[in-house]
file final24.cif (mmCIF, C-alpha atoms)
data_start
#
loop_
_atom_site.group_PDB
_atom_site.id
_atom_site.type_symbol
_atom_site.label_atom_id
_atom_site.label_comp_id
_atom_site.auth_asym_id
_atom_site.auth_seq_id
_atom_site.Cartn_x
_atom_site.Cartn_y
_atom_site.Cartn_z
ATOM 1 C CA MET A 693 9.283 27.577 -17.157
ATOM 2 C CA TYR A 694 11.174 25.486 -14.574
ATOM 3 C CA LEU A 695 14.399 27.431 -14.191
ATOM 4 C CA PRO A 696 15.867 29.965 -16.457
ATOM 5 C CA SER A 697 18.803 27.912 -15.219
ATOM 6 C CA ILE A 698 19.379 25.394 -12.483
ATOM 7 C CA SER A 699 20.372 28.210 -10.161
ATOM 8 C CA GLN A 700 16.754 29.304 -9.767
ATOM 9 C CA ALA A 701 15.761 25.876 -8.545
ATOM 10 C CA PHE A 702 18.327 25.530 -5.818
ATOM 11 C CA GLY A 703 19.421 29.062 -5.031
ATOM 12 C CA ILE A 704 23.029 28.628 -6.170
ATOM 13 C CA PRO A 705 25.041 30.972 -8.391
ATOM 14 C CA VAL A 706 24.613 30.628 -12.155
ATOM 15 C CA LEU A 707 28.218 29.751 -12.976
ATOM 16 C CA LEU A 708 28.351 27.199 -10.185
ATOM 17 C CA SER A 709 25.017 25.710 -11.217
ATOM 18 C CA LEU A 710 26.110 25.290 -14.841
ATOM 19 C CA ALA A 711 29.349 23.680 -13.766
ATOM 20 C CA LEU A 712 27.447 21.434 -11.395
ATOM 21 C CA PHE A 713 25.013 20.382 -14.102
ATOM 22 C CA SER A 714 27.900 19.674 -16.470
ATOM 23 C CA THR A 715 29.400 17.430 -13.823
ATOM 24 C CA LEU A 716 26.083 15.752 -13.086
ATOM 25 C CA SER A 717 25.377 15.234 -16.792
ATOM 26 C CA THR A 718 28.625 13.448 -17.461
ATOM 27 C CA ALA A 719 28.631 11.433 -14.244
ATOM 28 C CA ALA A 720 26.787 8.133 -14.045
ATOM 29 C CA ILE A 721 24.048 9.187 -11.626
ATOM 30 C CA GLN A 722 22.377 6.117 -10.202
ATOM 31 C CA THR A 723 18.623 5.666 -10.099
ATOM 32 C CA ASN A 724 18.358 3.120 -7.332
ATOM 33 C CA CYS A 725 14.624 2.294 -7.246
ATOM 34 C CA THR A 726 14.485 -0.956 -9.189
ATOM 35 C CA THR A 727 10.710 -1.289 -8.790
ATOM 36 C CA CYS A 728 9.907 2.245 -10.013
ATOM 37 C CA ALA A 729 8.676 2.878 -13.552
ATOM 38 C CA PRO A 730 10.862 5.053 -15.818
ATOM 39 C CA ASN A 731 10.099 8.702 -16.455
ATOM 40 C CA PRO A 732 7.540 8.792 -19.320
ATOM 41 C CA ILE A 733 7.630 12.543 -20.054
ATOM 42 C CA ALA A 734 11.358 13.378 -20.135
ATOM 43 C CA SER A 735 11.404 13.521 -23.944
ATOM 44 C CA VAL A 736 8.175 15.534 -24.041
ATOM 45 C CA TYR A 737 9.530 18.250 -21.716
ATOM 46 C CA PRO A 738 13.327 18.071 -22.182
ATOM 47 C CA ASN A 739 13.949 21.588 -20.829
ATOM 48 C CA ASN A 740 12.065 20.974 -17.580
ATOM 49 C CA VAL A 741 12.939 18.884 -14.582
ATOM 50 C CA THR A 742 10.704 15.805 -14.753
ATOM 51 C CA GLY A 743 10.535 12.432 -13.042
ATOM 52 C CA THR A 744 8.198 10.003 -11.352
ATOM 53 C CA PHE A 745 6.728 10.390 -7.882
ATOM 54 C CA ASN A 746 6.089 6.983 -6.294
ATOM 55 C CA ALA A 747 4.069 7.326 -3.123
ATOM 56 C CA THR A 748 1.562 6.126 -0.626
ATOM 57 C CA ILE A 749 -0.815 9.039 -0.069
ATOM 58 C CA SER A 750 -2.819 8.784 3.150
ATOM 59 C CA VAL A 751 -5.683 11.062 4.196
ATOM 60 C CA MET A 752 -6.456 11.605 7.868
ATOM 61 C CA VAL A 753 -9.776 13.425 8.309
ATOM 62 C CA VAL A 754 -9.513 15.301 11.609
ATOM 63 C CA PRO A 755 -11.586 17.953 13.408
ATOM 64 C CA ILE A 756 -10.835 21.309 11.812
ATOM 65 C CA ASP A 757 -9.931 22.872 15.160
ATOM 66 C CA TYR A 758 -7.230 20.238 15.640
ATOM 67 C CA ALA A 759 -5.826 20.968 12.175
ATOM 68 C CA ARG A 760 -5.788 24.679 12.951
ATOM 69 C CA SER A 761 -3.823 24.003 16.137
ATOM 70 C CA LEU A 762 -1.037 22.470 14.016
ATOM 71 C CA LEU A 763 -0.759 25.470 11.693
ATOM 72 C CA PRO A 764 1.051 28.765 12.213
ATOM 73 C CA LYS A 765 -1.310 31.442 13.503
ATOM 74 C CA ARG A 766 -1.478 33.260 10.153
ATOM 75 C CA LEU A 767 -2.622 30.145 8.318
ATOM 76 C CA ALA A 768 -5.013 28.733 10.916
ATOM 77 C CA SER A 769 -7.816 30.998 9.715
ATOM 78 C CA LEU A 770 -7.094 30.437 6.009
ATOM 79 C CA ILE A 771 -8.452 26.905 5.579
ATOM 80 C CA LEU A 772 -11.072 26.759 2.806
ATOM 81 C CA PRO A 773 -13.720 24.178 3.871
ATOM 82 C CA HIS A 774 -15.977 24.979 0.910
ATOM 83 C CA ALA A 775 -13.182 23.843 -1.440
ATOM 84 C CA TYR A 776 -13.149 20.266 -0.115
ATOM 85 C CA LYS A 777 -16.816 19.947 0.805
ATOM 86 C CA ARG A 778 -17.470 18.509 -2.676
ATOM 87 C CA PHE A 779 -15.363 15.488 -1.692
ATOM 88 C CA SER A 780 -17.880 14.644 1.077
ATOM 89 C CA ILE A 781 -15.645 15.981 3.841
ATOM 90 C CA PRO A 782 -17.756 18.009 6.295
ATOM 91 C CA GLU A 783 -16.780 21.626 6.869
ATOM 92 C CA THR A 784 -16.224 20.825 10.557
ATOM 93 C CA HIS A 785 -13.341 18.519 9.565
ATOM 94 C CA TYR A 786 -10.160 18.742 7.505
ATOM 95 C CA PRO A 787 -8.032 16.362 5.388
ATOM 96 C CA LEU A 788 -4.437 16.089 6.612
ATOM 97 C CA VAL A 789 -2.350 14.385 3.910
ATOM 98 C CA VAL A 790 0.689 12.182 4.602
ATOM 99 C CA GLU A 791 2.993 11.199 1.735
ATOM 100 C CA ASN A 792 5.847 8.706 1.943
ATOM 101 C CA ALA A 793 7.557 8.697 -1.409
ATOM 102 C CA ILE A 794 10.582 8.224 -3.599
ATOM 103 C CA GLU A 795 11.262 10.508 -6.554
ATOM 104 C CA HIS A 796 12.789 8.531 -9.421
ATOM 105 C CA ASP A 797 14.472 9.008 -12.803
ATOM 106 C CA ILE A 798 14.757 12.784 -12.366
ATOM 107 C CA ARG A 799 15.824 14.240 -15.702
ATOM 108 C CA LEU A 800 16.742 17.522 -17.359
ATOM 109 C CA GLN A 801 17.848 17.902 -20.989
ATOM 110 C CA GLY A 802 17.969 14.150 -21.435
ATOM 111 C CA ALA A 803 20.326 13.459 -18.528
ATOM 112 C CA ASN A 804 19.687 12.166 -15.023
ATOM 113 C CA PHE A 805 19.559 15.380 -13.007
ATOM 114 C CA PHE A 806 20.322 13.856 -9.619
ATOM 115 C CA PRO A 807 19.795 10.527 -7.847
ATOM 116 C CA ASP A 808 16.539 9.124 -6.546
ATOM 117 C CA PHE A 809 15.614 10.325 -3.076
ATOM 118 C CA SER A 810 12.976 9.449 -0.497
ATOM 119 C CA SER A 811 10.926 11.795 1.648
ATOM 120 C CA PHE A 812 8.188 11.812 4.268
ATOM 121 C CA ARG A 813 5.879 14.783 4.730
ATOM 122 C CA LEU A 814 2.662 15.964 6.335
ATOM 123 C CA THR A 815 0.886 18.455 4.072
ATOM 124 C CA PHE A 816 -1.958 20.885 4.668
ATOM 125 C CA PRO A 817 -4.006 21.376 1.454
ATOM 126 C CA PHE A 818 -6.818 23.849 0.746
ATOM 127 C CA ILE A 819 -5.027 26.834 2.284
ATOM 128 C CA ASP A 820 -6.138 30.297 1.113
ATOM 129 C CA HIS A 821 -2.534 31.508 0.926
ATOM 130 C CA LEU A 822 -3.402 34.558 -1.213
ATOM 131 C CA SER A 823 -6.523 35.425 0.821
ATOM 132 C CA ASP A 824 -8.666 35.567 -2.316
ATOM 133 C CA GLY A 825 -11.191 32.978 -1.167
ATOM 134 C CA PHE A 826 -10.613 30.473 -3.975
ATOM 135 C CA SER A 827 -6.939 29.795 -4.832
ATOM 136 C CA CYS A 828 -5.920 26.633 -2.967
ATOM 137 C CA PHE A 829 -2.337 25.989 -1.863
ATOM 138 C CA ARG A 830 -0.615 23.276 0.177
ATOM 139 C CA TYR A 831 1.529 24.147 3.170
ATOM 140 C CA ILE A 832 4.523 22.031 4.184
ATOM 141 C CA ARG A 833 6.070 22.896 7.533
ATOM 142 C CA TYR A 834 8.376 19.901 7.986
ATOM 143 C CA ILE A 835 9.836 17.270 5.699
ATOM 144 C CA ALA A 836 12.007 14.266 6.514
ATOM 145 C CA LEU A 837 14.892 13.980 4.039
ATOM 146 C CA SER A 838 18.184 12.158 3.854
ATOM 147 C CA GLU A 839 21.344 14.237 4.167
ATOM 148 C CA LEU A 840 22.571 12.129 1.251
ATOM 149 C CA ALA A 841 20.257 14.193 -0.987
ATOM 150 C CA PRO A 842 21.887 17.640 -0.565
ATOM 151 C CA LEU A 843 20.204 19.252 -3.578
ATOM 152 C CA ALA A 844 16.781 18.290 -2.243
ATOM 153 C CA VAL A 845 17.728 19.497 1.235
ATOM 154 C CA GLY A 846 18.909 22.820 -0.178
ATOM 155 C CA GLY A 847 15.837 23.221 -2.360
ATOM 156 C CA TYR A 848 13.288 22.592 0.387
ATOM 157 C CA GLY A 849 15.329 24.717 2.775
ATOM 158 C CA THR A 850 15.086 27.714 0.457
ATOM 159 C CA TYR A 851 11.288 27.496 0.683
ATOM 160 C CA GLY A 852 11.611 27.735 4.451
ATOM 161 C CA VAL A 853 10.576 24.128 5.046
ATOM 162 C CA ASP A 854 12.138 22.768 8.234
ATOM 163 C CA ILE A 855 14.297 19.770 7.302
ATOM 164 C CA GLU A 856 14.246 16.733 9.572
ATOM 165 C CA PRO A 857 17.415 14.697 8.798
ATOM 166 C CA ALA A 858 16.250 11.126 8.384
ATOM 167 C CA SER A 859 16.963 7.670 7.050
ATOM 168 C CA PHE A 860 14.361 5.435 5.493
ATOM 169 C CA ASP A 861 13.612 1.744 5.445
ATOM 170 C CA PRO A 862 13.447 0.942 2.614
ATOM 171 C CA SER A 863 15.803 3.562 1.190
ATOM 172 C CA ASN A 864 15.329 2.591 -2.448
ATOM 173 C CA ALA A 865 11.558 2.062 -2.805
ATOM 174 C CA PRO A 866 8.267 3.657 -1.738
ATOM 175 C CA TYR A 867 7.504 0.647 0.489
ATOM 176 C CA GLN A 868 8.618 -2.899 1.237
ATOM 177 C CA ARG A 869 6.580 -6.036 1.730
ATOM 178 C CA ILE A 870 6.580 -7.646 5.149
ATOM 179 C CA ASP A 871 5.302 -11.059 6.190
ATOM 180 C CA ARG A 872 2.080 -10.177 7.983
ATOM 181 C CA LYS A 873 -1.562 -11.040 7.445
ATOM 182 C CA GLN A 874 -2.493 -7.381 7.828
ATOM 183 C CA TYR A 875 -0.603 -4.245 6.824
ATOM 184 C CA GLU A 876 1.827 -6.077 4.537
ATOM 185 C CA LEU A 877 3.478 -2.906 3.162
ATOM 186 C CA ALA A 878 5.904 -0.935 5.324
ATOM 187 C CA PHE A 879 7.804 2.371 5.286
ATOM 188 C CA ASP A 880 9.791 3.569 8.309
ATOM 189 C CA VAL A 881 11.468 6.880 9.149
ATOM 190 C CA TYR A 882 14.487 6.903 11.471
ATOM 191 C CA PRO A 883 16.220 10.010 12.822
ATOM 192 C CA GLY A 884 19.588 11.082 11.459
ATOM 193 C CA ASN A 885 21.909 9.519 8.942
ATOM 194 C CA ALA A 886 21.498 5.927 10.073
ATOM 195 C CA THR A 887 22.149 2.806 8.016
ATOM 196 C CA ALA A 888 20.567 -0.636 8.000
ATOM 197 C CA PRO A 889 20.144 -2.664 10.097
ATOM 198 C CA PHE A 890 18.181 -0.050 12.018
ATOM 199 C CA HIS A 891 17.876 -0.191 15.788
ATOM 200 C CA GLY A 892 15.115 1.125 17.995
ATOM 201 C CA GLU A 893 11.705 2.442 17.023
ATOM 202 C CA PRO A 894 11.113 4.595 13.955
ATOM 203 C CA VAL A 895 9.986 8.147 14.724
ATOM 204 C CA SER A 896 7.305 7.875 12.044
ATOM 205 C CA ALA A 897 5.988 4.870 10.138
ATOM 206 C CA VAL A 898 3.367 3.721 7.667
ATOM 207 C CA ARG A 899 1.869 0.217 7.501
ATOM 208 C CA SER A 900 -0.524 -0.372 4.607
ATOM 209 C CA GLU A 901 -2.540 -3.076 2.945
ATOM 210 C CA ASP A 902 -4.187 -3.129 -0.455
ATOM 211 C CA ARG A 903 -7.956 -2.761 -0.149
ATOM 212 C CA PRO A 904 -9.323 -2.820 -3.705
ATOM 213 C CA GLN A 905 -12.843 -3.441 -2.434
ATOM 214 C CA ASP A 906 -12.858 -0.359 -0.199
ATOM 215 C CA ARG A 907 -14.359 2.832 -1.452
ATOM 216 C CA GLY A 908 -11.956 5.571 -0.517
ATOM 217 C CA PHE A 909 -11.719 9.125 -1.739
ATOM 218 C CA PRO A 910 -12.258 9.593 -5.490
ATOM 219 C CA LEU A 911 -9.217 9.902 -7.704
ATOM 220 C CA ALA A 912 -10.246 13.505 -8.357
ATOM 221 C CA PHE A 913 -9.482 14.294 -4.715
ATOM 222 C CA TYR A 914 -5.892 13.009 -4.961
ATOM 223 C CA ARG A 915 -5.381 14.714 -8.307
ATOM 224 C CA ASN A 916 -6.607 17.923 -6.730
ATOM 225 C CA VAL A 917 -4.499 17.955 -3.565
ATOM 226 C CA THR A 918 -1.288 16.788 -5.265
ATOM 227 C CA ASN A 919 -1.541 19.556 -7.865
ATOM 228 C CA GLN A 920 -2.100 22.448 -5.515
ATOM 229 C CA PRO A 921 1.034 24.656 -5.478
ATOM 230 C CA TRP A 922 2.870 24.378 -2.196
ATOM 231 C CA PHE A 923 4.803 26.741 0.050
ATOM 232 C CA GLY A 924 6.824 26.568 3.244
ATOM 233 C CA ASN A 925 7.652 29.143 5.890
ATOM 234 C CA ASN A 926 9.019 31.499 3.235
ATOM 235 C CA ASN A 927 5.611 32.851 2.276
ATOM 236 C CA SER A 928 6.609 34.698 -0.884
ATOM 237 C CA ILE A 929 7.763 31.804 -3.106
ATOM 238 C CA CYS A 930 5.875 28.698 -4.172
ATOM 239 C CA ASP A 931 6.642 25.405 -5.877
ATOM 240 C CA ASN A 932 4.517 24.334 -8.824
ATOM 241 C CA MET A 933 4.937 20.561 -9.139
ATOM 242 C CA ARG A 934 2.542 19.237 -11.750
ATOM 243 C CA ARG A 935 1.583 15.646 -11.067
ATOM 244 C CA TYR A 936 0.229 13.868 -14.150
ATOM 245 C CA TRP A 937 -2.272 11.088 -13.459
ATOM 246 C CA ASN A 938 -2.860 10.159 -17.103
ATOM 247 C CA THR A 939 0.478 8.752 -18.291
ATOM 248 C CA SER A 940 1.582 5.132 -18.700
ATOM 249 C CA VAL A 941 2.918 4.963 -15.130
ATOM 250 C CA SER A 942 -0.588 5.633 -13.736
ATOM 251 C CA GLN A 943 -2.723 3.457 -15.999
ATOM 252 C CA GLY A 944 -3.468 -0.199 -16.704
ATOM 253 C CA VAL A 945 -1.470 -2.487 -14.413
ATOM 254 C CA ASN A 946 0.023 0.670 -12.868
ATOM 255 C CA GLU A 947 -3.276 2.318 -11.951
ATOM 256 C CA PRO A 948 -3.558 3.678 -8.382
ATOM 257 C CA ARG A 949 -4.663 1.203 -5.721
ATOM 258 C CA ASN A 950 -6.767 1.867 -2.655
ATOM 259 C CA VAL A 951 -5.014 1.120 0.629
ATOM 260 C CA LYS A 952 -5.859 1.195 4.306
ATOM 261 C CA SER A 953 -3.044 2.263 6.598
ATOM 262 C CA MET A 954 -1.873 2.516 10.166
ATOM 263 C CA ILE A 955 0.257 5.632 10.549
ATOM 264 C CA LYS A 956 2.568 6.647 13.343
ATOM 265 C CA LEU A 957 3.455 10.331 13.353
ATOM 266 C CA GLY A 958 6.110 11.578 15.735
ATOM 267 C CA SER A 959 8.084 14.755 16.268
ATOM 268 C CA PRO A 960 8.352 17.225 14.615
ATOM 269 C CA PHE A 961 5.206 16.512 12.579
ATOM 270 C CA LEU A 962 2.963 16.415 15.653
ATOM 271 C CA PRO A 963 3.514 17.752 19.200
ATOM 272 C CA LYS A 964 3.352 14.207 20.566
ATOM 273 C CA THR A 965 3.599 10.816 18.873
ATOM 274 C CA THR A 966 0.187 9.679 17.660
ATOM 275 C CA LEU A 967 -0.996 6.419 16.084
ATOM 276 C CA TRP A 968 -3.774 6.552 13.480
ATOM 277 C CA LYS A 969 -5.588 3.401 12.358
ATOM 278 C CA GLY A 970 -7.875 2.658 9.425
ATOM 279 C CA VAL A 971 -6.552 5.580 7.380
ATOM 280 C CA LYS A 972 -7.782 5.655 3.773
ATOM 281 C CA GLY A 973 -5.401 6.357 0.931
ATOM 282 C CA ILE A 974 -3.852 5.141 -2.293
ATOM 283 C CA ARG A 975 -0.485 4.047 -3.533
ATOM 284 C CA ALA A 976 0.279 5.525 -6.894
ATOM 285 C CA THR A 977 2.978 6.546 -9.323
ATOM 286 C CA THR A 978 2.616 9.816 -11.182
ATOM 287 C CA ALA A 979 4.864 11.587 -13.641
ATOM 288 C CA PHE A 980 5.819 15.081 -12.537
ATOM 289 C CA LEU A 981 7.084 18.320 -14.024
ATOM 290 C CA GLU A 982 8.414 20.902 -11.598
ATOM 291 C CA ASN A 983 8.551 24.697 -11.764
ATOM 292 C CA ASN A 984 10.465 26.049 -8.788
ATOM 293 C CA PHE A 985 10.690 29.356 -6.956
ATOM 294 C CA LEU A 986 7.710 31.107 -8.477
ATOM 295 C CA PRO A 987 6.083 34.167 -6.914
ATOM 296 C CA CYS A 988 2.996 32.780 -5.206
ATOM 297 C CA GLU A 989 0.871 35.567 -6.699
ATOM 298 C CA GLN A 990 1.678 34.168 -10.130
ATOM 299 C CA LEU A 991 -0.257 31.008 -9.224
ATOM 300 C CA LYS A 992 -3.517 32.723 -8.352
ATOM 301 C CA GLY A 993 -6.409 30.601 -9.608
ATOM 302 C CA TYR A 994 -4.021 27.838 -10.703
ATOM 303 C CA ALA A 995 -5.857 24.846 -12.209
ATOM 304 C CA GLY A 996 -3.151 22.181 -12.127
ATOM 305 C CA THR A 997 -2.902 19.870 -15.129
ATOM 306 C CA GLY A 998 -6.530 20.491 -16.043
ATOM 307 C CA GLU A 999 -9.865 21.602 -14.687
ATOM 308 C CA GLY A 1000 -10.466 20.219 -11.217
ATOM 309 C CA ASP A 1001 -6.812 19.620 -10.367
ATOM 310 C CA SER A 1002 -6.712 22.330 -7.739
ATOM 311 C CA GLY A 1003 -9.283 23.823 -5.427
#
call {"tool": "encode", "arguments": {"input": "final24.cif", "output": "structure tokens"}}
result
Amino acid sequence: MYLPSISQAFGIPVLLSLALFSTLSTAAIQTNCTTCAPNPIASVYPNNVTGTFNATISVMVVPIDYARSLLPKRLASLILPHAYKRFSIPETHYPLVVENAIEHDIRLQGANFFPDFSSFRLTFPFIDHLSDGFSCFRYIRYIALSELAPLAVGGYGTYGVDIEPASFDPSNAPYQRIDRKQYELAFDVYPGNATAPFHGEPVSAVRSEDRPQDRGFPLAFYRNVTNQPWFGNNNSICDNMRRYWNTSVSQGVNEPRNVKSMIKLGSPFLPKTTLWKGVKGIRATTAFLENNFLPCEQLKGYAGTGEGDSG
């Protein structure tokens, strides 16, 4: 289901893709996130690209007119408020979702497919991309990625997502601990291919603190929005990343944790740099299985990894 071959995933010729995979399979690809849990489903789905997605997922509830102003004209009228109303979000508002993440232990046919890579994205869920009134999709206009992850850059680029070349601090984890009484977890995004020590202000940043006592959005909300198929500015093809919230990396001591965050979003994600405080979210690890470059029509009525996973 993920690729008849690797070429479908990254838009490269078949012979080249097979040669590339042969090289990648025999090379010692490094998985550099030492705090990330190993891929628990690689042996279950050996013929699919799988891995773990380690992220802080933050939800900024904004007036719906503001959200529409950030969307391309075609999509501004395609928000589905009735799809998220059940999560106690009023129809006059909209949940913008920020994810800072590192994808880890990415495997195909038993081998590490390519190295861990970090990303930072602002996503727009609950979009009626097929104009059928019920199939929910996520739209990604921009994503910050390192130029050191060329396969990821090429893949997102094929979807028409605008790539913002970036460096991350930390570069090998979804967050780092800092010595502060409040907001003790940090993730910073710097422009270009910079290296530590970083100088100047990050263009975007997340500061979080664990808030186990806070009642945030239900887990069903996060399961829903992370399992909606997503698309970029190439409207005809969609990515179907299945995020599994019921494996060993998401349970017990690894269960998702509520966080409260302060988020700085700069260009190109917003027209002007904006600071958001008291943002609810979670930090979580989920296993994923990815099916790339599918016709969006094929995902009509998609239900994720089970009932309730998508809108």
call {"tool": "closest_residue", "arguments": {"input": "final24.cif", "among": "A:Tyr737, A:Trp968, A:Phe809, A:Tyr994", "to": "Asn932 (chain A)", "atoms": "only C-alpha atoms"}}
result
A:Tyr994
call {"tool": "resolve_selection", "arguments": {"input": "final24.cif", "expression": "the PyMOL selection byres ((chain A and resi 887-903) around 9)", "output": "VMD selection string"}}
result
chain A and resid 748 792 812 859 to 861 867 874 to 883 885 to 886 904 to 907 949 to 959 961 965 971 974 to 975
call {"tool": "residues_around", "arguments": {"input": "final24.cif", "residues": "Ala976 (chain A)", "least_positions_apart": "6", "cutoff": "8 Å", "atoms": "all atoms listed in the file", "output": "MDAnalysis selection string"}}
result
chainID A and resid 746:749 942 946:949
call {"tool": "resolve_selection", "arguments": {"input": "final24.cif", "expression": "the PyMOL selection byres ((chain A and resi 754) around 8)", "output": "VMD selection string"}}
result
chain A and resid 752 to 753 755 to 756 758 to 759 785 to 788
call {"tool": "axis_aligned_box", "arguments": {"input": "final24.cif", "around": "region 941-958 of chain A", "padding_each_side": "4 Å", "output": "AutoDock Vina command-line options"}}
result
--center_x -0.3 --center_y 4.5 --center_z -0.5 --size_x 20.9 --size_y 22.1 --size_z 40.4
call {"tool": "resolve_selection", "arguments": {"input": "final24.cif", "expression": "the PyMOL selection byres ((chain A and resi 918) around 10)", "output": "ChimeraX atom specification"}}
result
/A:749,789,791,815,817,829-830,913-917,919-922,933-936,978,996,1001-1002
call {"tool": "closest_residue", "arguments": {"input": "final24.cif", "among": "A:Arg813, A:Lys969, A:Lys873, A:Arg799", "to": "Val736 (chain A)", "atoms": "all atoms listed in the file"}}
result
A:Arg799
call {"tool": "residues_near_point", "arguments": {"input": "final24.cif", "point": "(2.4, 8.8, -17.5)", "cutoff": "8 Å", "atoms": "all atoms listed in the file", "output": "PyMOL selection string"}}
result
chain A and resi 731-733+936-943+978-979
call {"tool": "atom_distance", "arguments": {"input": "final24.cif", "atom1": "CA of Leu800 (chain A)", "atom2": "CA of Phe985 (chain A)"}}
result
16.9 Å
call {"tool": "closest_residue", "arguments": {"input": "final24.cif", "among": "A:Phe909, A:Tyr776, A:Phe805, A:Tyr834", "to": "Gly849 (chain A)", "atoms": "all atoms listed in the file"}}
result
A:Tyr834
call {"tool": "atom_distance", "arguments": {"input": "final24.cif", "atom1": "CA of Asn925 (chain A)", "atom2": "CA of Thr850 (chain A)"}}
result
9.3 Å
call {"tool": "closest_residue", "arguments": {"input": "final24.cif", "among": "A:Ser863, A:Ser928, A:Ser780, A:Asn724", "to": "Asn804 (chain A)", "atoms": "all atoms listed in the file"}}
result
A:Asn724
call {"tool": "atom_distance", "arguments": {"input": "final24.cif", "atom1": "CA of Asn983 (chain A)", "atom2": "CA of Asp931 (chain A)"}}
result
6.2 Å
call {"tool": "closest_residue", "arguments": {"input": "final24.cif", "among": "A:Gly884, A:Pro773, A:Pro866, A:Pro963", "to": "Gly825 (chain A)", "atoms": "all atoms listed in the file"}}
result
A:Pro773
call {"tool": "residues_around", "arguments": {"input": "final24.cif", "residues": "Thr726 (chain A)", "least_positions_apart": "3", "cutoff": "10 Å", "atoms": "all atoms listed in the file", "output": "list in words"}}
result
Thr723, Ala729, Pro730, His796, Asn864 and Ala865 of chain A
call {"tool": "residues_around", "arguments": {"input": "final24.cif", "residues": "Gly924 (chain A)", "least_positions_apart": "6", "cutoff": "7 Å", "atoms": "only C-alpha atoms", "output": "PyMOL selection string"}}
result
chain A and resi 831-833+851-853
call {"tool": "residues_around", "arguments": {"input": "final24.cif", "residues": "Glu795 (chain A)", "least_positions_apart": "3", "cutoff": "8 Å", "atoms": "only C-alpha atoms", "output": "ChimeraX atom specification"}}
result
/A:743-746,798,808-810
call {"tool": "residues_around", "arguments": {"input": "final24.cif", "residues": "Ile771 (chain A)", "least_positions_apart": "5", "cutoff": "9 Å", "atoms": "only C-alpha atoms", "output": "list in words"}}
result
Ile756, Arg760, Tyr786, Phe816, Pro817, Phe818, Ile819, Asp820, His821 and Cys828 of chain A
call {"tool": "closest_residue", "arguments": {"input": "final24.cif", "among": "A:Pro842, A:Phe826, A:Ser769, A:Ile835", "to": "Phe806 (chain A)", "atoms": "only C-alpha atoms"}}
result
A:Pro842
